[in-house]
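Accompanying notes for the structure given below.
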Amino acid sequence: MTKEATLEPELSHPMDDLLRMDRIPHIWCPTCGLGTVVTAFASAIEKLQLGLDDITVVSGIGCTGRVAGYVKIDSFHTTHGRAIPFATGLHLANPKLKTVVISGDGDLISIGGNHFIHAARRNVDLTVICVNNFIYAMTGGQVAPTTPLTANASTMPYGNFEQPFSIPYLADSCGAVYVARWSALHVRRLVTAIAEAIAKPGFSVVEVISPCSTLYSRRNRLGSGLDLMRFYHDNCEIKHGADTRELAIGFQEKITVGKFIDRDRPTFVESMNNWYGKVFGDEYEPYEGSVK
Amino acid sequence: MPQDLPAGPKSTTAKYWRKPLDADTVKVPHGEIHIVVNRCKGCLFCVEYCPREVLEISEDFNVKGYHFPEVSKDDACVNCGLCEMLCPEFAIFCVLDEEEGGGEG
Ligand SMILES: Cc1ncc(C[n+]2csc(CCOP(=O)(O)OP(=O)(O)O)c2C)c(N)n1
Ligand code: SF4
Ligand code: SF4
Ligand code: SF4
Ligand SMILES: [Mg+2]
């Protein structure tokens, strides 16, 4: 033990104001990328100059799902796969709130996959930050619908033979209006993407490729999270506007990152108000939320 | 060094930073690094990706048993904030050194 280590006064970090400090240190493993994603999210709120009462976070279950428990804003840790329907209700009750879903690839794309595609189809005004670590991390490394072909998972001990989803392609095909993918290493671009996604009316998706050192990396003998960050550094290729059909991720192959979709389409509430306005004319009072 | 975390070459980070054309005339901001030693879990993200190689990993352990970063080059920090952004433990941050009069950079 050194002087620095023992005499270091308990410094306050700028992030401390945004964290539930009674729950810090968080449970995430050394070299896990999730803490970095939280900082990127906080920086995006700051960039947008949003008040902490203007935004809310909804998570499902998983290592990523714990984000809701760590951010010091109104946040909800819901059941597995149900972050999007919960967030949809929250948004409809108070559409003025910026409602952000932060959850894992398993939670959002596997058990929650149906909610994901329908929220995209209806263009519900939500921002979804999907942390893709290619695996069900919290429960011990089971295969996810995002696990690359041939990668090892506890339920694919000889390597994965199931074709994975490409999250940007799925989001695009279902009608999302904003779709981007970055890695946890591209932290500044990630902040910009999260800020753009939050500002965008409609269903926005930011996929974050993030190291899971303990399950994905260890099972596949890829080293620490730092080794995965180095891998992203050397193998991520930025291609804005790339055709989302070409964004599949192979095991330890090139990862295309960038902003792929940014288009306009009426949101769920806009469509409803437009339609009922046409059907009922002046009798219809446009819906603006039930919370005043 | 912790066994499972090779120190690794820093060469790959150089690509992130081009030298701006006006680098000789623009005043570069100067930052002061603060490390909440006992929060660190020794991931080395900050050490690896600092564009100025300001940080190095300590030989000593913090209370959790991890090697933490230390400032190895005084006055070299340009307050870019990358270490702060990348740190998954909210353990390192930089503050603009006003006396050095940054801000124009
Ligand atoms: C209904 C239900 N089924 C299964 C589980 C077990 N479970 C908890 S987290 C999880 C997977 C999480 O994977 P992901 O969303 O990718 O999060 P990660 O831990 O990788 O961040 C599962 C299957 C559960 N909690 N509830
Ligand atoms: S199991 Fe993986 S995703 Fe979960 S905290 Fe550990 S490194 Fe992160
Ligand atoms: S602020 Fe930038 S230059 Fe200073 S130590 Fe951190 S990464 Fe290095
Ligand atoms: S990035 Fe944070 S946790 Fe990782 S070594 Fe640096 S200070 Fe420690
Ligand atoms: Mg996962």
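In the structure tokens, the first chain shown is A, the next is B, and so on; residue numbers restart at 1 for each chain, and ligands run from 1 in the order shown.
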List the spatial neighbours of Val71 (chain B) as a tab-separated table (two decimals) with N, CA and C atoms, in the first residue's frame - criterion: any atom at most 10 Å away, only C-alpha atoms, same-chain residues fewer than 5 positions off excluded.
```tsv
chain	number	residue	atom	x	y	z
B	32	GLU	N	-5.64	19.08	-15.35
B	32	GLU	CA	-5.12	18.48	-14.12
B	32	GLU	C	-5.92	17.21	-13.85
B	33	ILE	N	-5.21	16.12	-13.67
B	33	ILE	CA	-5.88	14.82	-13.54
B	33	ILE	C	-6.12	14.47	-12.07
B	34	HIS	N	-7.32	14.01	-11.79
B	34	HIS	CA	-7.65	13.54	-10.44
B	34	HIS	C	-8.04	12.08	-10.51
B	35	ILE	N	-7.53	11.32	-9.62
B	35	ILE	CA	-7.81	9.87	-9.62
B	35	ILE	C	-8.39	9.45	-8.27
B	47	VAL	N	-5.09	4.45	-19.40
B	47	VAL	CA	-3.66	4.42	-19.71
B	47	VAL	C	-3.45	4.17	-21.20
B	53	GLU	N	-0.17	9.98	-23.55
B	53	GLU	CA	0.54	9.03	-22.70
B	53	GLU	C	0.90	9.63	-21.35
B	54	VAL	N	-0.09	10.31	-20.79
B	54	VAL	CA	0.10	10.99	-19.51
B	54	VAL	C	0.15	9.99	-18.35
B	55	LEU	N	-0.53	8.86	-18.53
B	55	LEU	CA	-0.76	7.97	-17.41
B	55	LEU	C	0.05	6.69	-17.51
B	56	GLU	N	0.37	6.16	-16.37
B	56	GLU	CA	0.96	4.81	-16.34
B	56	GLU	C	0.34	4.07	-15.16
B	57	ILE	N	0.48	2.77	-15.17
B	57	ILE	CA	-0.16	1.99	-14.12
B	57	ILE	C	0.80	1.87	-12.95
B	58	SER	N	0.25	1.98	-11.76
B	58	SER	CA	1.10	1.96	-10.57
B	58	SER	C	1.61	0.55	-10.29
B	76	ALA	N	1.64	17.26	-19.08
B	76	ALA	CA	1.42	16.78	-20.45
B	76	ALA	C	-0.06	16.66	-20.80
B	77	CYS	N	-0.92	16.67	-19.80
B	77	CYS	CA	-2.35	16.47	-20.05
B	77	CYS	C	-2.93	17.67	-20.79
```
Using only C-alpha atoms and all ligand atoms, find each protein or nucleic acid residue lying at most 10 Å from ligand 4; present the set as a ChimeraX atom specification.
/A:30-32,35-36,226 /B:34-50,55-58,66-70,82-93
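Among all protein and nucleic acid residues, the ones that lie within 6 Å of ligand 2 when counting only C-alpha atoms and all ligand atoms are A:Trp28, A:Cys29, A:Cys32, A:Cys63, A:Ala137, A:Met138, A:Cys212, A:Ser213, A:Thr214, A:Leu215.
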Write the residues of the preceding selection, restricted to all heavy atoms, as a short mmCIF file (atom, residue, chain, number, x, y, z; two decimals), in the first residue's frame.
```
data_model
loop_
_atom_site.label_atom_id
_atom_site.label_comp_id
_atom_site.auth_asym_id
_atom_site.auth_seq_id
_atom_site.Cartn_x
_atom_site.Cartn_y
_atom_site.Cartn_z
N TRP A 28 -20.45 -4.27 -11.85
CA TRP A 28 -19.87 -4.72 -13.11
C TRP A 28 -18.40 -5.12 -12.96
O TRP A 28 -17.64 -4.53 -12.21
CB TRP A 28 -20.04 -3.62 -14.17
CG TRP A 28 -21.50 -3.36 -14.46
CD1 TRP A 28 -22.49 -4.29 -14.58
CD2 TRP A 28 -22.14 -2.09 -14.63
NE1 TRP A 28 -23.70 -3.68 -14.83
CE2 TRP A 28 -23.52 -2.34 -14.87
CE3 TRP A 28 -21.68 -0.77 -14.61
CZ2 TRP A 28 -24.43 -1.31 -15.08
CZ3 TRP A 28 -22.59 0.26 -14.83
CH2 TRP A 28 -23.95 -0.02 -15.06
N CYS A 29 -18.02 -6.11 -13.72
CA CYS A 29 -16.68 -6.69 -13.61
C CYS A 29 -15.60 -5.71 -14.06
O CYS A 29 -15.87 -4.80 -14.85
CB CYS A 29 -16.56 -7.93 -14.49
SG CYS A 29 -17.89 -9.12 -14.31
N CYS A 32 -15.31 -4.42 -17.88
CA CYS A 32 -16.64 -4.42 -18.52
C CYS A 32 -16.88 -3.03 -19.09
O CYS A 32 -16.46 -2.03 -18.51
CB CYS A 32 -17.72 -4.72 -17.47
SG CYS A 32 -19.40 -4.59 -18.12
N CYS A 63 -27.08 -7.64 -16.85
CA CYS A 63 -26.02 -6.74 -16.38
C CYS A 63 -26.34 -5.32 -16.85
O CYS A 63 -26.28 -4.36 -16.08
CB CYS A 63 -24.66 -7.17 -16.91
SG CYS A 63 -24.12 -8.76 -16.29
N ALA A 137 -25.15 -12.17 -20.42
CA ALA A 137 -24.02 -12.13 -19.50
C ALA A 137 -24.44 -12.47 -18.07
O ALA A 137 -23.86 -13.35 -17.44
CB ALA A 137 -23.36 -10.76 -19.55
N MET A 138 -25.46 -11.81 -17.60
CA MET A 138 -25.79 -11.93 -16.18
C MET A 138 -26.06 -13.37 -15.75
O MET A 138 -25.74 -13.77 -14.62
CB MET A 138 -27.00 -11.07 -15.84
CG MET A 138 -27.44 -11.25 -14.40
SD MET A 138 -28.41 -9.90 -13.79
CE MET A 138 -27.11 -8.82 -13.19
N CYS A 212 -17.84 -7.70 -22.73
CA CYS A 212 -18.17 -8.51 -21.56
C CYS A 212 -16.93 -9.39 -21.34
O CYS A 212 -16.73 -10.37 -22.05
CB CYS A 212 -19.39 -9.38 -21.79
SG CYS A 212 -19.55 -10.67 -20.53
N SER A 213 -16.13 -8.98 -20.38
CA SER A 213 -14.86 -9.69 -20.17
C SER A 213 -15.08 -11.05 -19.53
O SER A 213 -14.42 -12.03 -19.86
CB SER A 213 -13.95 -8.84 -19.29
OG SER A 213 -14.67 -8.30 -18.21
N THR A 214 -16.05 -11.12 -18.63
CA THR A 214 -16.18 -12.32 -17.80
C THR A 214 -16.83 -13.49 -18.51
O THR A 214 -16.45 -14.64 -18.32
CB THR A 214 -16.96 -11.97 -16.52
OG1 THR A 214 -16.23 -10.97 -15.85
CG2 THR A 214 -17.14 -13.17 -15.61
N LEU A 215 -17.82 -13.22 -19.36
CA LEU A 215 -18.51 -14.33 -20.02
C LEU A 215 -18.12 -14.45 -21.49
O LEU A 215 -17.49 -15.42 -21.90
CB LEU A 215 -20.04 -14.19 -19.88
CG LEU A 215 -20.64 -14.73 -18.57
CD1 LEU A 215 -20.18 -16.16 -18.31
CD2 LEU A 215 -20.35 -13.87 -17.38
#
```
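Those residues of region 118-243 of chain A that DSSP, working from the backbone, places in strand (DSSP E) are Thr127, Val128, Ile129, Cys130, Val131, Asn132, Tyr178, Val179, Ala180, Arg181, Trp182, Ser183, Ser204, Val205, Val206, Glu207, Val208, Ile209, Cys236, Glu237 and Ile238 of chain A.
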Min atom-atom distance to chain B from the set A:Gly277, A:Pro95, A:Gly141, A:Pro25, counting only C-alpha atoms, belongs to A:Pro25
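Residue nearest chain A within the list B:Gly81, B:Lys73, B:Pro51, B:Val28: B:Gly81 [criterion: smallest interatomic distance, only C-alpha atoms].
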Could you list, as a ChimeraX atom specification, every residue of chain A that has an atom within 9 Å of an atom of chain B, counting only C-alpha atoms?
/A:1-2,4-6,8-16,25-26,28-40,43,184-185,187-188,223-227,229-230,233-234
Restrict the selected residues to N, CA and C atoms and save them as a CSV table (one decimal), in the first residue's frame.
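Generated output (again27.csv):
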```csv
chain,number,residue,atom,x,y,z
A,1,MET,N,0.9,-1.2,0.0
A,1,MET,CA,0.0,0.0,0.0
A,1,MET,C,0.9,1.3,0.0
A,2,THR,N,0.5,2.2,-0.8
A,2,THR,CA,1.3,3.4,-0.9
A,2,THR,C,0.7,4.6,-0.1
A,4,GLU,N,-0.2,7.4,-1.6
A,4,GLU,CA,-1.3,7.8,-2.4
A,4,GLU,C,-2.6,7.0,-2.1
A,5,ALA,N,-2.3,5.7,-2.1
A,5,ALA,CA,-3.5,4.8,-2.0
A,5,ALA,C,-4.2,5.0,-0.6
A,6,THR,N,-3.4,5.2,0.4
A,6,THR,CA,-4.1,5.3,1.7
A,6,THR,C,-4.5,6.7,2.1
A,8,GLU,N,-5.2,9.2,0.0
A,8,GLU,CA,-6.0,9.9,-1.0
A,8,GLU,C,-7.4,10.3,-0.4
A,9,PRO,N,-7.7,11.6,-0.3
A,9,PRO,CA,-9.0,11.9,0.2
A,9,PRO,C,-10.1,11.4,-0.7
A,10,GLU,N,-11.2,11.2,-0.2
A,10,GLU,CA,-12.3,10.7,-1.0
A,10,GLU,C,-12.8,11.9,-2.0
A,11,LEU,N,-12.3,11.8,-3.2
A,11,LEU,CA,-12.6,12.9,-4.1
A,11,LEU,C,-14.0,12.7,-4.7
A,12,SER,N,-14.6,13.8,-5.1
A,12,SER,CA,-15.9,13.6,-5.7
A,12,SER,C,-15.7,13.7,-7.2
A,13,HIS,N,-16.2,12.8,-7.9
A,13,HIS,CA,-16.1,12.7,-9.4
A,13,HIS,C,-17.3,13.5,-10.0
A,14,PRO,N,-17.1,14.2,-11.1
A,14,PRO,CA,-18.2,14.9,-11.8
A,14,PRO,C,-19.4,14.0,-12.0
A,15,MET,N,-19.2,12.7,-12.2
A,15,MET,CA,-20.4,11.8,-12.5
A,15,MET,C,-21.2,11.6,-11.2
A,16,ASP,N,-20.6,11.9,-10.1
A,16,ASP,CA,-21.3,11.5,-8.8
A,16,ASP,C,-22.7,12.1,-8.7
A,25,PRO,N,-19.7,1.3,-5.3
A,25,PRO,CA,-19.4,0.8,-6.6
A,25,PRO,C,-20.4,-0.2,-7.1
A,26,HIS,N,-20.5,-0.1,-8.5
A,26,HIS,CA,-21.4,-0.9,-9.2
A,26,HIS,C,-20.9,-2.4,-9.2
A,28,TRP,N,-20.5,-4.3,-11.8
A,28,TRP,CA,-19.9,-4.7,-13.1
A,28,TRP,C,-18.4,-5.1,-13.0
A,29,CYS,N,-18.0,-6.1,-13.7
A,29,CYS,CA,-16.7,-6.7,-13.6
A,29,CYS,C,-15.6,-5.7,-14.1
A,30,PRO,N,-14.4,-5.9,-13.6
A,30,PRO,CA,-13.3,-5.2,-14.2
A,30,PRO,C,-13.2,-5.3,-15.7
A,31,THR,N,-13.0,-4.3,-16.4
A,31,THR,CA,-12.9,-4.2,-17.9
A,31,THR,C,-14.2,-4.4,-18.6
A,32,CYS,N,-15.3,-4.4,-17.9
A,32,CYS,CA,-16.6,-4.4,-18.5
A,32,CYS,C,-16.9,-3.0,-19.1
A,33,GLY,N,-17.6,-2.9,-20.2
A,33,GLY,CA,-17.8,-1.6,-20.8
A,33,GLY,C,-19.0,-0.9,-20.3
A,34,LEU,N,-19.8,-1.5,-19.5
A,34,LEU,CA,-21.1,-0.9,-19.1
A,34,LEU,C,-20.9,0.5,-18.4
A,35,GLY,N,-19.9,0.6,-17.5
A,35,GLY,CA,-19.7,1.9,-16.9
A,35,GLY,C,-19.4,3.0,-17.9
A,36,THR,N,-18.7,2.7,-18.9
A,36,THR,CA,-18.4,3.7,-20.0
A,36,THR,C,-19.7,4.1,-20.7
A,37,VAL,N,-20.6,3.2,-20.9
A,37,VAL,CA,-21.9,3.5,-21.6
A,37,VAL,C,-22.7,4.5,-20.7
A,38,VAL,N,-22.6,4.3,-19.4
A,38,VAL,CA,-23.4,5.2,-18.4
A,38,VAL,C,-22.8,6.6,-18.5
A,39,THR,N,-21.5,6.7,-18.6
A,39,THR,CA,-20.9,8.0,-18.7
A,39,THR,C,-21.3,8.6,-20.0
A,40,ALA,N,-21.3,7.8,-21.1
A,40,ALA,CA,-21.7,8.4,-22.4
A,40,ALA,C,-23.2,8.9,-22.4
A,43,SER,N,-23.2,12.1,-20.5
A,43,SER,CA,-22.7,13.2,-21.3
A,43,SER,C,-23.7,13.7,-22.3
A,184,ALA,N,-18.1,0.8,-27.4
A,184,ALA,CA,-17.8,1.5,-26.2
A,184,ALA,C,-16.5,2.3,-26.3
A,185,LEU,N,-15.7,1.9,-27.2
A,185,LEU,CA,-14.4,2.7,-27.4
A,185,LEU,C,-14.7,4.0,-28.1
A,187,VAL,N,-16.3,6.5,-27.7
A,187,VAL,CA,-17.2,7.1,-26.7
A,187,VAL,C,-17.7,8.5,-27.1
A,188,ARG,N,-16.9,9.3,-27.8
A,188,ARG,CA,-17.4,10.6,-28.2
A,188,ARG,C,-18.5,10.5,-29.2
A,223,GLY,N,-9.4,-12.6,-24.2
A,223,GLY,CA,-8.6,-11.8,-23.3
A,223,GLY,C,-9.5,-10.9,-22.5
A,224,SER,N,-9.0,-9.8,-22.0
A,224,SER,CA,-9.7,-8.9,-21.1
A,224,SER,C,-10.6,-7.9,-22.0
A,225,GLY,N,-11.4,-7.1,-21.3
A,225,GLY,CA,-12.1,-6.1,-22.0
A,225,GLY,C,-11.2,-5.1,-22.7
A,226,LEU,N,-10.0,-4.9,-22.2
A,226,LEU,CA,-9.1,-4.0,-22.9
A,226,LEU,C,-8.7,-4.6,-24.2
A,227,ASP,N,-8.5,-6.0,-24.2
A,227,ASP,CA,-8.2,-6.6,-25.5
A,227,ASP,C,-9.4,-6.4,-26.5
A,229,MET,N,-11.4,-3.9,-26.5
A,229,MET,CA,-11.4,-2.5,-26.9
A,229,MET,C,-10.3,-2.3,-28.0
A,230,ARG,N,-9.2,-3.0,-27.9
A,230,ARG,CA,-8.2,-3.0,-28.9
A,230,ARG,C,-8.7,-3.6,-30.2
A,233,HIS,N,-10.9,-1.1,-31.8
A,233,HIS,CA,-10.0,-0.1,-32.4
A,233,HIS,C,-9.5,-0.5,-33.8
A,234,ASP,N,-9.1,-1.7,-33.9
A,234,ASP,CA,-8.5,-2.2,-35.1
A,234,ASP,C,-9.5,-2.7,-36.2
```
Out of region 231-278 of chain A, which residues get helix (DSSP H, G or I) from DSSP, as a PyMOL selection string?
chain A and resi 231-235+244-246+268-278
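Here the question is which of A:Gly140, A:Gly241, A:Gly60, A:Gly104 gets nearest to ligand 1 using only C-alpha atoms and all ligand atoms, and that residue is A:Gly104.
Distances from A:Ile102, A:Ala193, A:Leu247, A:Ala42 to ligand 1 were compared using only C-alpha atoms and all ligand atoms, and the smallest one belongs to A:Ile102.
Here CA of Ile209 (chain A) is placed at a distance of 7.5 Å from CA of Arg181 (chain A).
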Once you count only C-alpha atoms and all ligand atoms, which residues end up within 10 Å of ligand 5, and could you hand them over as a PyMOL selection string?
chain A and resi 61-65+103-110+130-139+141-147+209-212+215-216
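Between CA of Ile45 (chain A) and CA of Pro286 (chain A) the interatomic distance comes to 28.9 Å.
Between CA of Asp125 (chain A) and CA of Ser166 (chain A) lies a distance of 21.8 Å.
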Please list as a ChimeraX atom specification every residue within 8 Å of Val124 (chain A), counting only C-alpha atoms and excluding residues in the same chain fewer than 5 positions away.
/A:88,119,202-203,267-269
